[in-house]
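Source file: my_file.cif; contents: mmCIF, C-alpha atoms.
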```
data_my_file
loop_
_atom_site.group_PDB
_atom_site.id
_atom_site.type_symbol
_atom_site.label_atom_id
_atom_site.label_comp_id
_atom_site.auth_asym_id
_atom_site.auth_seq_id
_atom_site.Cartn_x
_atom_site.Cartn_y
_atom_site.Cartn_z
ATOM 1 C CA MET A 1 11.079 39.032 -20.521
ATOM 2 C CA GLN A 2 9.087 37.396 -17.729
ATOM 3 C CA HIS A 3 10.696 35.277 -15.033
ATOM 4 C CA ALA A 4 9.336 32.742 -12.579
ATOM 5 C CA ILE A 5 8.803 34.253 -9.141
ATOM 6 C CA GLY A 6 10.473 32.911 -6.044
ATOM 7 C CA ALA A 7 14.074 32.194 -7.018
ATOM 8 C CA PRO A 8 17.182 34.316 -7.523
ATOM 9 C CA GLY A 9 17.922 35.360 -11.094
ATOM 10 C CA GLY A 10 14.403 34.540 -12.236
ATOM 11 C CA LEU A 11 15.038 30.782 -12.142
ATOM 12 C CA PRO A 12 12.244 28.464 -10.973
ATOM 13 C CA ASP A 13 12.465 27.509 -7.313
ATOM 14 C CA PRO A 14 13.872 23.929 -7.289
ATOM 15 C CA ALA A 15 11.726 23.057 -4.275
ATOM 16 C CA ARG A 16 8.597 24.122 -6.141
ATOM 17 C CA LEU A 17 9.609 22.120 -9.197
ATOM 18 C CA GLN A 18 10.182 19.081 -7.019
ATOM 19 C CA GLU A 19 6.761 19.548 -5.408
ATOM 20 C CA ARG A 20 5.080 19.628 -8.810
ATOM 21 C CA ASN A 21 6.920 16.503 -9.902
ATOM 22 C CA GLU A 22 6.125 14.499 -6.771
ATOM 23 C CA THR A 23 3.631 11.863 -7.821
ATOM 24 C CA MET A 24 3.011 8.138 -7.770
ATOM 25 C CA LYS A 25 4.448 7.510 -11.237
ATOM 26 C CA THR A 26 5.429 3.849 -10.808
ATOM 27 C CA VAL A 27 2.945 1.548 -9.078
ATOM 28 C CA LEU A 28 3.759 -2.091 -8.325
ATOM 29 C CA LEU A 29 0.784 -4.464 -8.153
ATOM 30 C CA HIS A 30 0.787 -7.897 -6.538
ATOM 31 C CA VAL A 31 -0.863 -10.337 -8.957
ATOM 32 C CA ASN A 32 -2.168 -13.548 -7.437
ATOM 33 C CA ARG A 33 -5.348 -15.561 -7.839
ATOM 34 C CA ASP A 34 -6.938 -14.824 -4.467
ATOM 35 C CA ALA A 35 -9.948 -13.132 -2.895
ATOM 36 C CA GLY A 36 -8.392 -9.670 -3.024
ATOM 37 C CA GLN A 37 -7.151 -9.574 -6.606
ATOM 38 C CA ASP A 38 -10.107 -7.763 -8.202
ATOM 39 C CA SER A 39 -10.158 -5.082 -5.492
ATOM 40 C CA ARG A 40 -6.460 -4.301 -5.573
ATOM 41 C CA LEU A 41 -6.405 -4.302 -9.376
ATOM 42 C CA ALA A 42 -9.221 -1.737 -9.408
ATOM 43 C CA ALA A 43 -7.403 0.384 -6.804
ATOM 44 C CA ALA A 44 -4.142 0.246 -8.770
ATOM 45 C CA ILE A 45 -5.918 1.292 -11.974
ATOM 46 C CA ASP A 46 -7.593 4.231 -10.232
ATOM 47 C CA LEU A 47 -4.292 5.417 -8.796
ATOM 48 C CA VAL A 48 -2.265 5.024 -11.992
ATOM 49 C CA ARG A 49 -4.882 6.775 -14.078
ATOM 50 C CA ASP A 50 -5.152 9.671 -11.622
ATOM 51 C CA HIS A 51 -1.363 10.167 -11.492
ATOM 52 C CA LYS A 52 -0.797 9.433 -15.185
ATOM 53 C CA GLY A 53 1.608 6.766 -14.040
ATOM 54 C CA PHE A 54 2.856 3.342 -15.016
ATOM 55 C CA LEU A 55 1.655 -0.002 -13.623
ATOM 56 C CA ILE A 56 3.929 -2.995 -13.050
ATOM 57 C CA CYS A 57 1.980 -6.229 -12.619
ATOM 58 C CA LEU A 58 4.135 -8.692 -10.681
ATOM 59 C CA GLN A 59 3.108 -12.340 -10.748
ATOM 60 C CA ALA A 60 5.180 -14.469 -8.359
ATOM 61 C CA THR A 61 4.998 -18.255 -8.201
ATOM 62 C CA SER A 62 6.138 -19.942 -5.003
ATOM 63 C CA TRP A 63 6.436 -23.665 -5.603
ATOM 64 C CA ASN A 64 6.275 -24.248 -1.850
ATOM 65 C CA SER A 65 2.550 -23.631 -2.175
ATOM 66 C CA TYR A 66 2.098 -26.744 -4.285
ATOM 67 C CA VAL A 67 2.234 -30.443 -3.448
ATOM 68 C CA PHE A 68 5.426 -32.147 -4.526
ATOM 69 C CA ILE A 69 5.790 -35.826 -5.319
ATOM 70 C CA GLY A 70 8.526 -37.695 -3.486
ATOM 71 C CA ASP A 71 10.548 -40.585 -4.887
ATOM 72 C CA PRO A 72 11.984 -43.554 -2.928
ATOM 73 C CA TYR A 73 15.364 -41.802 -2.635
ATOM 74 C CA GLY A 74 14.004 -38.745 -0.823
ATOM 75 C CA ALA A 75 13.961 -36.310 -3.720
ATOM 76 C CA SER A 76 10.822 -34.353 -4.477
ATOM 77 C CA TYR A 77 9.509 -32.660 -7.559
ATOM 78 C CA ILE A 78 6.319 -31.290 -9.036
ATOM 79 C CA SER A 79 4.680 -33.449 -11.645
ATOM 80 C CA PRO A 80 4.581 -32.201 -15.248
ATOM 81 C CA GLU A 81 0.788 -32.219 -15.074
ATOM 82 C CA ALA A 82 0.722 -30.051 -11.949
ATOM 83 C CA LEU A 83 3.339 -27.712 -13.425
ATOM 84 C CA GLN A 84 1.280 -27.275 -16.581
ATOM 85 C CA SER A 85 -1.846 -26.642 -14.500
ATOM 86 C CA VAL A 86 -0.081 -23.854 -12.607
ATOM 87 C CA ARG A 87 1.219 -22.285 -15.813
ATOM 88 C CA ASP A 88 -2.214 -22.482 -17.428
ATOM 89 C CA ALA A 89 -3.787 -20.704 -14.453
ATOM 90 C CA GLU A 90 -1.110 -17.999 -14.550
ATOM 91 C CA ASN A 91 -1.588 -17.470 -18.272
ATOM 92 C CA GLU A 92 -5.347 -17.265 -17.802
ATOM 93 C CA ASP A 93 -4.907 -14.630 -15.087
ATOM 94 C CA ARG A 94 -2.578 -12.645 -17.311
ATOM 95 C CA GLN A 95 -4.979 -12.716 -20.255
ATOM 96 C CA LEU A 96 -7.917 -11.605 -18.100
ATOM 97 C CA ILE A 97 -6.009 -8.783 -16.416
ATOM 98 C CA GLU A 98 -4.322 -7.517 -19.582
ATOM 99 C CA SER A 99 -7.672 -7.565 -21.360
ATOM 100 C CA ARG A 100 -9.025 -5.346 -18.572
ATOM 101 C CA LEU A 101 -6.003 -3.045 -18.642
ATOM 102 C CA ALA A 102 -6.265 -2.608 -22.404
ATOM 103 C CA GLN A 103 -9.614 -0.912 -21.845
ATOM 104 C CA GLU A 104 -8.458 1.360 -19.028
ATOM 105 C CA GLY A 105 -6.237 3.759 -20.974
ATOM 106 C CA ILE A 106 -3.114 3.253 -18.825
ATOM 107 C CA GLU A 107 0.398 1.978 -19.466
ATOM 108 C CA TRP A 108 1.608 -1.245 -17.904
ATOM 109 C CA GLU A 109 4.054 -4.102 -18.113
ATOM 110 C CA TRP A 110 3.912 -7.707 -16.916
ATOM 111 C CA ARG A 111 6.606 -9.414 -14.858
ATOM 112 C CA ARG A 112 6.533 -13.086 -13.899
ATOM 113 C CA VAL A 113 9.046 -14.412 -11.399
ATOM 114 C CA GLU A 114 9.523 -17.539 -9.324
ATOM 115 C CA GLY A 115 9.803 -17.222 -5.569
ATOM 116 C CA SER A 116 7.771 -16.014 -2.621
ATOM 117 C CA ALA A 117 5.503 -13.041 -3.178
ATOM 118 C CA GLY A 118 7.056 -11.129 -0.281
ATOM 119 C CA GLN A 119 10.621 -11.473 -1.544
ATOM 120 C CA ALA A 120 9.638 -10.727 -5.135
ATOM 121 C CA LEU A 121 7.640 -7.630 -4.234
ATOM 122 C CA ALA A 122 10.416 -6.355 -1.965
ATOM 123 C CA ALA A 123 12.987 -6.790 -4.726
ATOM 124 C CA HIS A 124 10.883 -5.051 -7.371
ATOM 125 C CA ALA A 125 9.744 -2.281 -5.004
ATOM 126 C CA THR A 126 13.201 -0.702 -5.156
ATOM 127 C CA LEU A 127 12.090 1.543 -8.026
ATOM 128 C CA ALA A 128 8.380 1.710 -7.210
ATOM 129 C CA ASP A 129 6.616 4.730 -5.715
ATOM 130 C CA LEU A 130 3.856 2.584 -4.233
ATOM 131 C CA VAL A 131 3.088 -1.122 -3.792
ATOM 132 C CA VAL A 132 -0.528 -2.320 -3.952
ATOM 133 C CA ILE A 133 -1.392 -5.364 -1.853
ATOM 134 C CA SER A 134 -4.468 -6.768 -0.144
ATOM 135 C CA GLN A 135 -5.692 -7.255 3.353
ATOM 136 C CA PRO A 136 -4.997 -10.855 4.394
ATOM 137 C CA GLU A 137 -7.761 -13.402 4.260
ATOM 138 C CA GLN A 138 -8.942 -14.598 7.635
ATOM 139 C CA LYS A 139 -7.239 -17.962 7.192
ATOM 140 C CA ASP A 140 -3.921 -16.078 7.108
ATOM 141 C CA ALA A 141 -4.694 -13.961 10.161
ATOM 142 C CA VAL A 142 -4.218 -16.500 12.955
ATOM 143 C CA LEU A 143 -1.228 -16.709 15.276
ATOM 144 C CA PRO A 144 1.651 -16.926 14.833
ATOM 145 C CA ARG A 145 1.452 -15.740 11.200
ATOM 146 C CA ALA A 146 -0.586 -12.564 11.483
ATOM 147 C CA ALA A 147 -0.921 -10.821 8.140
ATOM 148 C CA PRO A 148 2.232 -12.436 6.727
ATOM 149 C CA LEU A 149 2.574 -10.719 3.343
ATOM 150 C CA VAL A 150 1.588 -7.230 4.482
ATOM 151 C CA ALA A 151 3.740 -7.405 7.616
ATOM 152 C CA ASP A 152 6.797 -8.796 5.862
ATOM 153 C CA LEU A 153 6.571 -6.305 3.037
ATOM 154 C CA VAL A 154 5.926 -3.136 5.029
ATOM 155 C CA VAL A 155 8.956 -3.572 7.270
ATOM 156 C CA HIS A 156 11.360 -4.473 4.457
ATOM 157 C CA ILE A 157 10.714 -1.830 1.780
ATOM 158 C CA GLN A 158 11.224 1.929 1.628
ATOM 159 C CA SER A 159 8.162 2.545 -0.557
ATOM 160 C CA PRO A 160 4.703 2.997 0.957
ATOM 161 C CA SER A 161 2.150 0.214 0.594
ATOM 162 C CA LEU A 162 -1.502 0.665 -0.309
ATOM 163 C CA VAL A 163 -3.400 -2.039 1.572
ATOM 164 C CA VAL A 164 -6.772 -2.657 -0.077
ATOM 165 C CA PRO A 165 -9.615 -4.211 1.954
ATOM 166 C CA LEU A 166 -11.041 -7.480 0.719
ATOM 167 C CA GLY A 167 -14.166 -6.787 -1.282
ATOM 168 C CA GLY A 168 -13.290 -3.104 -1.591
ATOM 169 C CA LYS A 169 -14.743 -1.043 -4.412
ATOM 170 C CA ARG A 170 -12.918 1.718 -6.272
ATOM 171 C CA PHE A 171 -10.081 3.763 -4.766
ATOM 172 C CA ALA A 172 -10.614 7.533 -4.702
ATOM 173 C CA PRO A 173 -7.165 9.218 -4.820
ATOM 174 C CA ARG A 174 -8.766 12.664 -4.605
ATOM 175 C CA GLY A 175 -11.172 11.866 -1.799
ATOM 176 C CA ASN A 176 -10.810 12.875 1.841
ATOM 177 C CA ALA A 177 -7.830 11.490 3.774
ATOM 178 C CA ILE A 178 -6.967 11.066 7.419
ATOM 179 C CA ILE A 179 -3.517 10.805 8.950
ATOM 180 C CA ALA A 180 -3.271 8.655 12.082
ATOM 181 C CA TRP A 181 -0.825 10.738 14.102
ATOM 182 C CA ASN A 182 1.078 9.885 17.287
ATOM 183 C CA GLY A 183 4.278 11.805 16.573
ATOM 184 C CA SER A 184 6.308 8.646 15.945
ATOM 185 C CA ALA A 185 9.101 8.266 13.401
ATOM 186 C CA GLU A 186 6.991 5.702 11.549
ATOM 187 C CA ALA A 187 4.038 8.093 11.312
ATOM 188 C CA GLY A 188 6.335 10.854 10.027
ATOM 189 C CA HIS A 189 7.821 8.540 7.415
ATOM 190 C CA ALA A 190 4.355 7.531 6.215
ATOM 191 C CA VAL A 191 3.345 11.189 5.846
ATOM 192 C CA ARG A 192 6.495 12.158 3.921
ATOM 193 C CA LEU A 193 6.032 9.263 1.498
ATOM 194 C CA SER A 194 2.362 10.140 1.010
ATOM 195 C CA ARG A 195 2.692 13.862 0.261
ATOM 196 C CA SER A 196 1.815 13.530 -3.413
ATOM 197 C CA LEU A 197 -1.416 11.753 -2.497
ATOM 198 C CA LEU A 198 -2.248 14.130 0.329
ATOM 199 C CA ARG A 199 -1.700 17.143 -1.934
ATOM 200 C CA ASP A 200 -4.524 15.902 -4.182
ATOM 201 C CA ALA A 201 -6.908 14.987 -1.346
ATOM 202 C CA ALA A 202 -10.117 16.991 -1.079
ATOM 203 C CA GLU A 203 -9.628 17.289 2.688
ATOM 204 C CA VAL A 204 -6.844 16.149 5.018
ATOM 205 C CA HIS A 205 -7.601 15.441 8.677
ATOM 206 C CA ILE A 206 -4.874 14.806 11.243
ATOM 207 C CA VAL A 207 -6.367 12.457 13.821
ATOM 208 C CA THR A 208 -4.937 11.697 17.249
ATOM 209 C CA VAL A 209 -6.418 9.105 19.570
ATOM 210 C CA SER A 210 -3.831 8.095 22.157
ATOM 211 C CA GLU A 211 -2.543 10.541 24.769
ATOM 212 C CA ASP A 212 0.912 8.968 24.412
ATOM 213 C CA LYS A 213 2.893 11.270 22.088
ATOM 214 C CA GLU A 214 6.318 10.222 20.900
ATOM 215 C CA GLY A 215 7.395 13.399 19.131
ATOM 216 C CA SER A 216 5.899 16.206 17.068
ATOM 217 C CA SER A 217 2.421 17.492 17.865
ATOM 218 C CA PRO A 218 -0.522 17.504 15.423
ATOM 219 C CA ASP A 219 -0.150 21.281 15.068
ATOM 220 C CA GLU A 220 3.502 20.865 14.053
ATOM 221 C CA LEU A 221 2.446 18.312 11.447
ATOM 222 C CA ALA A 222 -0.184 20.726 10.109
ATOM 223 C CA GLN A 223 2.490 23.408 9.777
ATOM 224 C CA TYR A 224 4.828 20.973 7.994
ATOM 225 C CA LEU A 225 2.079 20.035 5.529
ATOM 226 C CA ALA A 226 1.220 23.692 4.953
ATOM 227 C CA ARG A 227 4.788 24.345 3.849
ATOM 228 C CA HIS A 228 4.195 21.700 1.182
ATOM 229 C CA GLY A 229 0.944 23.251 0.032
ATOM 230 C CA ILE A 230 -1.313 20.848 1.932
ATOM 231 C CA GLU A 231 -4.022 22.298 4.154
ATOM 232 C CA ALA A 232 -4.917 20.014 7.051
ATOM 233 C CA GLN A 233 -7.304 20.091 9.964
ATOM 234 C CA THR A 234 -6.502 18.542 13.337
ATOM 235 C CA ARG A 235 -8.973 16.604 15.414
ATOM 236 C CA ARG A 236 -8.892 14.639 18.610
ATOM 237 C CA GLN A 237 -10.840 11.374 18.356
ATOM 238 C CA PRO A 238 -11.980 10.085 21.753
ATOM 239 C CA ALA A 239 -11.456 6.355 22.164
ATOM 240 C CA GLU A 240 -13.808 5.970 25.139
ATOM 241 C CA ASP A 241 -14.465 2.231 25.331
ATOM 242 C CA ALA A 242 -13.148 1.553 21.817
ATOM 243 C CA SER A 243 -9.645 0.489 20.810
ATOM 244 C CA ILE A 244 -7.354 2.916 18.981
ATOM 245 C CA SER A 245 -7.952 1.089 15.700
ATOM 246 C CA GLU A 246 -11.729 1.288 16.176
ATOM 247 C CA ALA A 247 -11.459 5.003 16.981
ATOM 248 C CA LEU A 248 -9.426 5.603 13.800
ATOM 249 C CA VAL A 249 -12.014 3.810 11.675
ATOM 250 C CA ALA A 250 -14.766 5.826 13.362
ATOM 251 C CA ALA A 251 -12.909 9.070 12.566
ATOM 252 C CA ALA A 252 -12.459 7.968 8.954
ATOM 253 C CA ASN A 253 -16.168 7.234 8.682
ATOM 254 C CA ASP A 254 -17.037 10.605 10.253
ATOM 255 C CA VAL A 255 -15.189 12.554 7.552
ATOM 256 C CA GLY A 256 -15.900 10.139 4.703
ATOM 257 C CA ALA A 257 -12.218 9.293 4.292
ATOM 258 C CA ALA A 258 -11.132 7.468 1.145
ATOM 259 C CA TYR A 259 -7.961 6.274 2.845
ATOM 260 C CA ILE A 260 -5.894 6.379 6.036
ATOM 261 C CA VAL A 261 -2.173 7.201 6.227
ATOM 262 C CA LEU A 262 -0.616 5.160 9.012
ATOM 263 C CA GLY A 263 2.885 4.608 10.350
ATOM 264 C CA ALA A 264 3.281 0.843 10.710
ATOM 265 C CA TYR A 265 4.764 -1.105 13.600
ATOM 266 C CA GLY A 266 5.893 1.462 16.128
ATOM 267 C CA HIS A 267 6.411 -1.597 18.325
ATOM 268 C CA SER A 268 8.115 -4.733 17.063
ATOM 269 C CA ARG A 269 6.091 -6.886 14.726
ATOM 270 C CA ILE A 270 6.637 -9.908 17.016
ATOM 271 C CA ARG A 271 5.173 -8.002 19.934
ATOM 272 C CA GLU A 272 2.154 -6.960 17.898
ATOM 273 C CA THR A 273 1.669 -10.511 16.658
ATOM 274 C CA ILE A 274 1.594 -11.886 20.183
ATOM 275 C CA LEU A 275 0.028 -9.058 22.183
ATOM 276 C CA GLY A 276 -1.865 -7.189 19.504
ATOM 277 C CA GLY A 277 -1.403 -3.620 18.374
ATOM 278 C CA VAL A 278 -2.832 -0.831 16.254
ATOM 279 C CA THR A 279 -1.033 -1.852 13.052
ATOM 280 C CA ARG A 280 -2.064 -5.472 13.349
ATOM 281 C CA GLU A 281 -5.712 -4.623 14.043
ATOM 282 C CA MET A 282 -5.874 -2.117 11.211
ATOM 283 C CA ILE A 283 -4.282 -4.522 8.737
ATOM 284 C CA LEU A 284 -6.682 -7.279 9.668
ATOM 285 C CA HIS A 285 -9.923 -5.359 10.061
ATOM 286 C CA SER A 286 -9.873 -1.883 8.493
ATOM 287 C CA PRO A 287 -12.724 -1.468 5.990
ATOM 288 C CA ILE A 288 -10.901 1.566 4.537
ATOM 289 C CA PRO A 289 -7.782 1.488 2.301
ATOM 290 C CA MET A 290 -4.546 2.354 4.104
ATOM 291 C CA ILE A 291 -1.217 3.832 3.074
ATOM 292 C CA LEU A 292 1.349 2.120 5.316
ATOM 293 C CA ALA A 293 5.043 2.807 5.840
ATOM 294 C CA HIS A 294 7.442 1.707 8.550
#
```
Please, can you express the file's structure as structure tokens?
Amino acid sequence: MQHAIGAPGGLPDPARLQERNETMKTVLLHVNRDAGQDSRLAAAIDLVRDHKGFLICLQATSWNSYVFIGDPYGASYISPEALQSVRDAENEDRQLIESRLAQEGIEWEWRRVEGSAGQALAAHATLADLVVISQPEQKDAVLPRAAPLVADLVVHIQSPSLVVPLGGKRFAPRGNAIIAWNGSAEAGHAVRLSRSLLRDAAEVHIVTVSEDKEGSSPDELAQYLARHGIEAQTRRQPAEDASISEALVAAANDVGAAYIVLGAYGHSRIRETILGGVTREMILHSPIPMILAH
């Protein structure tokens, strides 16, 4: 009789079994008729297909986004015509997306809820391995509401978020990846939540830009990843006259990275909104998909 190697009594090593089972099995997709919908749908399909997972399409309707009619007594309501117009648009979106999904060979379900997208996504992310959202449009990127949906979601959920650039093409789960590393707790959390993706990456590059280190070194991170079967290279990216976010994008371009793993909001979100920061700049301007976690 043959036994599995690596555990007492011939039993499989539980850690190894867990490693094999780590994958993005449940992906939550934000559905909304906006400039980023096609790109994030394509990214979600690529990821779900690669991981043989399950896609949850979440369509949230916030009535605050629509004009209400007021009556002489101060009450307000949406007209039946406007309500029907909203429902028709939602049904049209659903038909188009489900028609696309039916040709993609993946499993999915559709959820429609009323309320803000941020609150709905946060509530449904409880049992999601990854949430797919878009970079904000420029009209949403002005003070004091910098990147509202991305920012609100990232700091309130325990799942990682895949932030897809506007106008992005396909997402390559098995392409090269870079980890933006500064030793912070947020960066460590992002790495731990991204292990299943990183394990499938063709190459993993640990990139440091700032001299300010908050904790573990890049070499320690490489050793941690190695214990999980992930080979990683470390590299120092000089900022020179560029910002940290520009240096990270340059490093990603140098290695042909398909995505960047980034710990979000090491400083408070309010501070980054007012003074700027790496997370804010990356969310607003990165041309490369990002895996964010706080």
*If you apply the PyMOL selection byres ((chain A and resi 198) around 9) to this file, what residues do you get, as a list in words?*
Pro173, Arg174, Asn176, Ala177, Val191, Ser194, Arg195, Ser196, Leu197, Arg199, Asp200, Ala201, Ala202, Glu203, Val204, Leu225 and Ile230 of chain A
_Distance query Ser245 of chain A at most 9 Å, all atoms listed in the file, self and fewer than 2 positions along chain excluded, as a list of chain:residue names_ =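 Selected residues are A:Ala242, A:Ser243, A:Ala247, A:Leu248, A:Val249, A:Ala250, A:Gly277, A:Val278, A:Thr279, A:Glu281, A:Met282, A:His285, A:Ser286.
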*What gap, in Å, lies between atom CA of Leu83 of chain A and atom CA of Thr61 of chain A?*
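Going from atom CA of Leu83 of chain A over to atom CA of Thr61 of chain A, I get 10.9 Å.
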*Tell me which of A:His189, A:Lys25, A:Arg33, A:Arg87 sits closest to Val131 of chain A, counting all atoms listed in the file.*
A:Lys25
*Tell me which residues the PyMOL selection byres ((chain A and resi 155) around 9) grabs here, as a list in words.*
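Given this file, the PyMOL selection byres ((chain A and resi 155) around 9) evaluates to Val150, Ala151, Asp152, Leu153, Val154, His156, Ile157, Gln158, Ala264, Tyr265, Arg269, Ala293 and His294 of chain A.
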*For Arg227 of chain A: contacts at 12 Å, all atoms listed in the file, fewer than 2 positions along chain excluded, given as a PyMOL selection string*: chain A and resi 15-16+19+195+199+220-225+229-232
*Contact residues around Arg40 of chain A with only C-alpha atoms at 7 Å, ignoring same-chain residues under 4 positions, as a list in words*: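 Returned residues: Gly36, Ala44, Val132, Ile133, Ser134 and Val164 of chain A.
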Produce a file of the selected residues containing C-alpha atoms, as a PDB file, in the frame of the given file.
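Heads up, here's the output in selection.pdb:
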```pdb
ATOM      1  CA  GLY A  36      -8.392  -9.670  -3.024  1.00  0.00           C
ATOM      2  CA  ALA A  44      -4.142   0.246  -8.770  1.00  0.00           C
ATOM      3  CA  VAL A 132      -0.528  -2.320  -3.952  1.00  0.00           C
ATOM      4  CA  ILE A 133      -1.392  -5.364  -1.853  1.00  0.00           C
ATOM      5  CA  SER A 134      -4.468  -6.768  -0.144  1.00  0.00           C
ATOM      6  CA  VAL A 164      -6.772  -2.657  -0.077  1.00  0.00           C
TER       7      VAL A 164
END
```
*Do you know which residues are at most 7 Å from Pro160 of chain A counting only C-alpha atoms, after dropping those on the same chain fewer than 5 positions away, and could you put them as a list of chain:residue names?*
A:Leu130, A:Val131, A:Ala190, A:Leu193, A:Ile291, A:Leu292, A:Ala293
Quick one: write out the picked residues with C-alpha atoms as a JSON list (two decimals), in the coordinates of the input?
```json
[["chain", "number", "residue", "atom", "x", "y", "z"],
["A", 130, "LEU", "CA", 3.86, 2.58, -4.23],
["A", 131, "VAL", "CA", 3.09, -1.12, -3.79],
["A", 190, "ALA", "CA", 4.36, 7.53, 6.22],
["A", 193, "LEU", "CA", 6.03, 9.26, 1.50],
["A", 291, "ILE", "CA", -1.22, 3.83, 3.07],
["A", 292, "LEU", "CA", 1.35, 2.12, 5.32],
["A", 293, "ALA", "CA", 5.04, 2.81, 5.84]]
```
*May I ask for the distance between atom CA of Asp46 of chain A and atom CA of Val261 of chain A, given in Å to one decimal place?*
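Taking atom CA of Asp46 of chain A and atom CA of Val261 of chain A, their separation equals 17.6 Å.
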_Using only C-alpha atoms: which of A:Phe54, A:Gln103, A:Ser210, A:Leu28 has the shortest distance to Glu240 of chain A_ =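 Going through A:Phe54, A:Gln103, A:Ser210, A:Leu28 one by one, the smallest distance to Glu240 of chain A is for A:Ser210.
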*For atom CA of Pro287 of chain A and atom CA of Asp254 of chain A, quote the distance in Å rounded to one decimal.*
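Calculated distance between atom CA of Pro287 of chain A and atom CA of Asp254 of chain A is 13.5 Å.
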_For a quick check of understanding, using only C-alpha atoms, which of A:Ala102, A:Phe171, A:Arg94, A:Asp241 has the smallest distance to Tyr259 of chain A?_
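Using only C-alpha atoms, Tyr259 of chain A sits closest to A:Phe171.
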Listed atoms of segment 201-211 of chain A boxed along x, y and z, 6 Å each side, centre and edge lengths in Å, one decimal, as JSON:
```
{"center_x": -6.3, "center_y": 12.7, "center_z": 11.7, "size_x": 19.6, "size_y": 21.2, "size_z": 38.1}
```
*Looking at A:Ser161, A:Glu186, A:Met290, A:Leu149, which one is nearest to Ala120 of chain A, with distances taken over all atoms listed in the file?*
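Using all atoms listed in the file, the shortest distance to Ala120 of chain A belongs to A:Leu149.
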Repair of segment 135-139 of chain A at the level of all heavy atoms, as a PDB file, in the coordinates of the input:
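Written out: rebuild04.pdb:
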```
ATOM      1  N   GLN A 135      -5.480  -6.764   2.007  1.00  0.00           N
ATOM      2  CA  GLN A 135      -5.692  -7.255   3.353  1.00  0.00           C
ATOM      3  C   GLN A 135      -5.594  -8.778   3.329  1.00  0.00           C
ATOM      4  O   GLN A 135      -5.988  -9.405   2.346  1.00  0.00           O
ATOM      5  CB  GLN A 135      -7.123  -6.877   3.770  1.00  0.00           C
ATOM      6  CG  GLN A 135      -7.249  -6.271   5.127  1.00  0.00           C
ATOM      7  CD  GLN A 135      -8.675  -5.787   5.375  1.00  0.00           C
ATOM      8  OE1 GLN A 135      -9.612  -6.236   4.731  1.00  0.00           O
ATOM      9  NE2 GLN A 135      -8.816  -4.867   6.290  1.00  0.00           N
ATOM     10  N   PRO A 136      -5.067  -9.395   4.380  1.00  0.00           N
ATOM     11  CA  PRO A 136      -4.997 -10.855   4.394  1.00  0.00           C
ATOM     12  C   PRO A 136      -6.381 -11.467   4.556  1.00  0.00           C
ATOM     13  O   PRO A 136      -7.280 -10.873   5.164  1.00  0.00           O
ATOM     14  CB  PRO A 136      -4.122 -11.160   5.613  1.00  0.00           C
ATOM     15  CG  PRO A 136      -4.336  -9.996   6.515  1.00  0.00           C
ATOM     16  CD  PRO A 136      -4.490  -8.800   5.601  1.00  0.00           C
ATOM     17  N   GLU A 137      -6.542 -12.649   4.002  1.00  0.00           N
ATOM     18  CA  GLU A 137      -7.761 -13.402   4.260  1.00  0.00           C
ATOM     19  C   GLU A 137      -7.728 -13.905   5.698  1.00  0.00           C
ATOM     20  O   GLU A 137      -6.662 -14.045   6.303  1.00  0.00           O
ATOM     21  CB  GLU A 137      -7.876 -14.566   3.278  1.00  0.00           C
ATOM     22  CG  GLU A 137      -7.968 -14.120   1.816  1.00  0.00           C
ATOM     23  CD  GLU A 137      -8.091 -15.286   0.865  1.00  0.00           C
ATOM     24  OE1 GLU A 137      -9.082 -16.038   0.995  1.00  0.00           O
ATOM     25  OE2 GLU A 137      -7.192 -15.463   0.019  1.00  0.00           O
ATOM     26  N   GLN A 138      -8.865 -14.191   6.241  1.00  0.00           N
ATOM     27  CA  GLN A 138      -8.942 -14.598   7.635  1.00  0.00           C
ATOM     28  C   GLN A 138      -8.135 -15.859   7.930  1.00  0.00           C
ATOM     29  O   GLN A 138      -7.579 -16.014   9.006  1.00  0.00           O
ATOM     30  CB  GLN A 138     -10.405 -14.807   8.051  1.00  0.00           C
ATOM     31  CG  GLN A 138     -11.181 -13.503   8.205  1.00  0.00           C
ATOM     32  CD  GLN A 138     -10.526 -12.555   9.205  1.00  0.00           C
ATOM     33  OE1 GLN A 138     -10.245 -12.920  10.344  1.00  0.00           O
ATOM     34  NE2 GLN A 138     -10.269 -11.329   8.757  1.00  0.00           N
ATOM     35  N   LYS A 139      -8.020 -16.740   6.972  1.00  0.00           N
ATOM     36  CA  LYS A 139      -7.239 -17.962   7.192  1.00  0.00           C
ATOM     37  C   LYS A 139      -5.762 -17.666   7.396  1.00  0.00           C
ATOM     38  O   LYS A 139      -5.026 -18.474   7.939  1.00  0.00           O
ATOM     39  CB  LYS A 139      -7.413 -18.921   6.018  1.00  0.00           C
ATOM     40  CG  LYS A 139      -6.843 -18.418   4.699  1.00  0.00           C
ATOM     41  CD  LYS A 139      -7.106 -19.399   3.577  1.00  0.00           C
ATOM     42  CE  LYS A 139      -6.571 -18.883   2.249  1.00  0.00           C
ATOM     43  NZ  LYS A 139      -5.129 -18.721   2.235  1.00  0.00           N
TER      44      LYS A 139
END
```
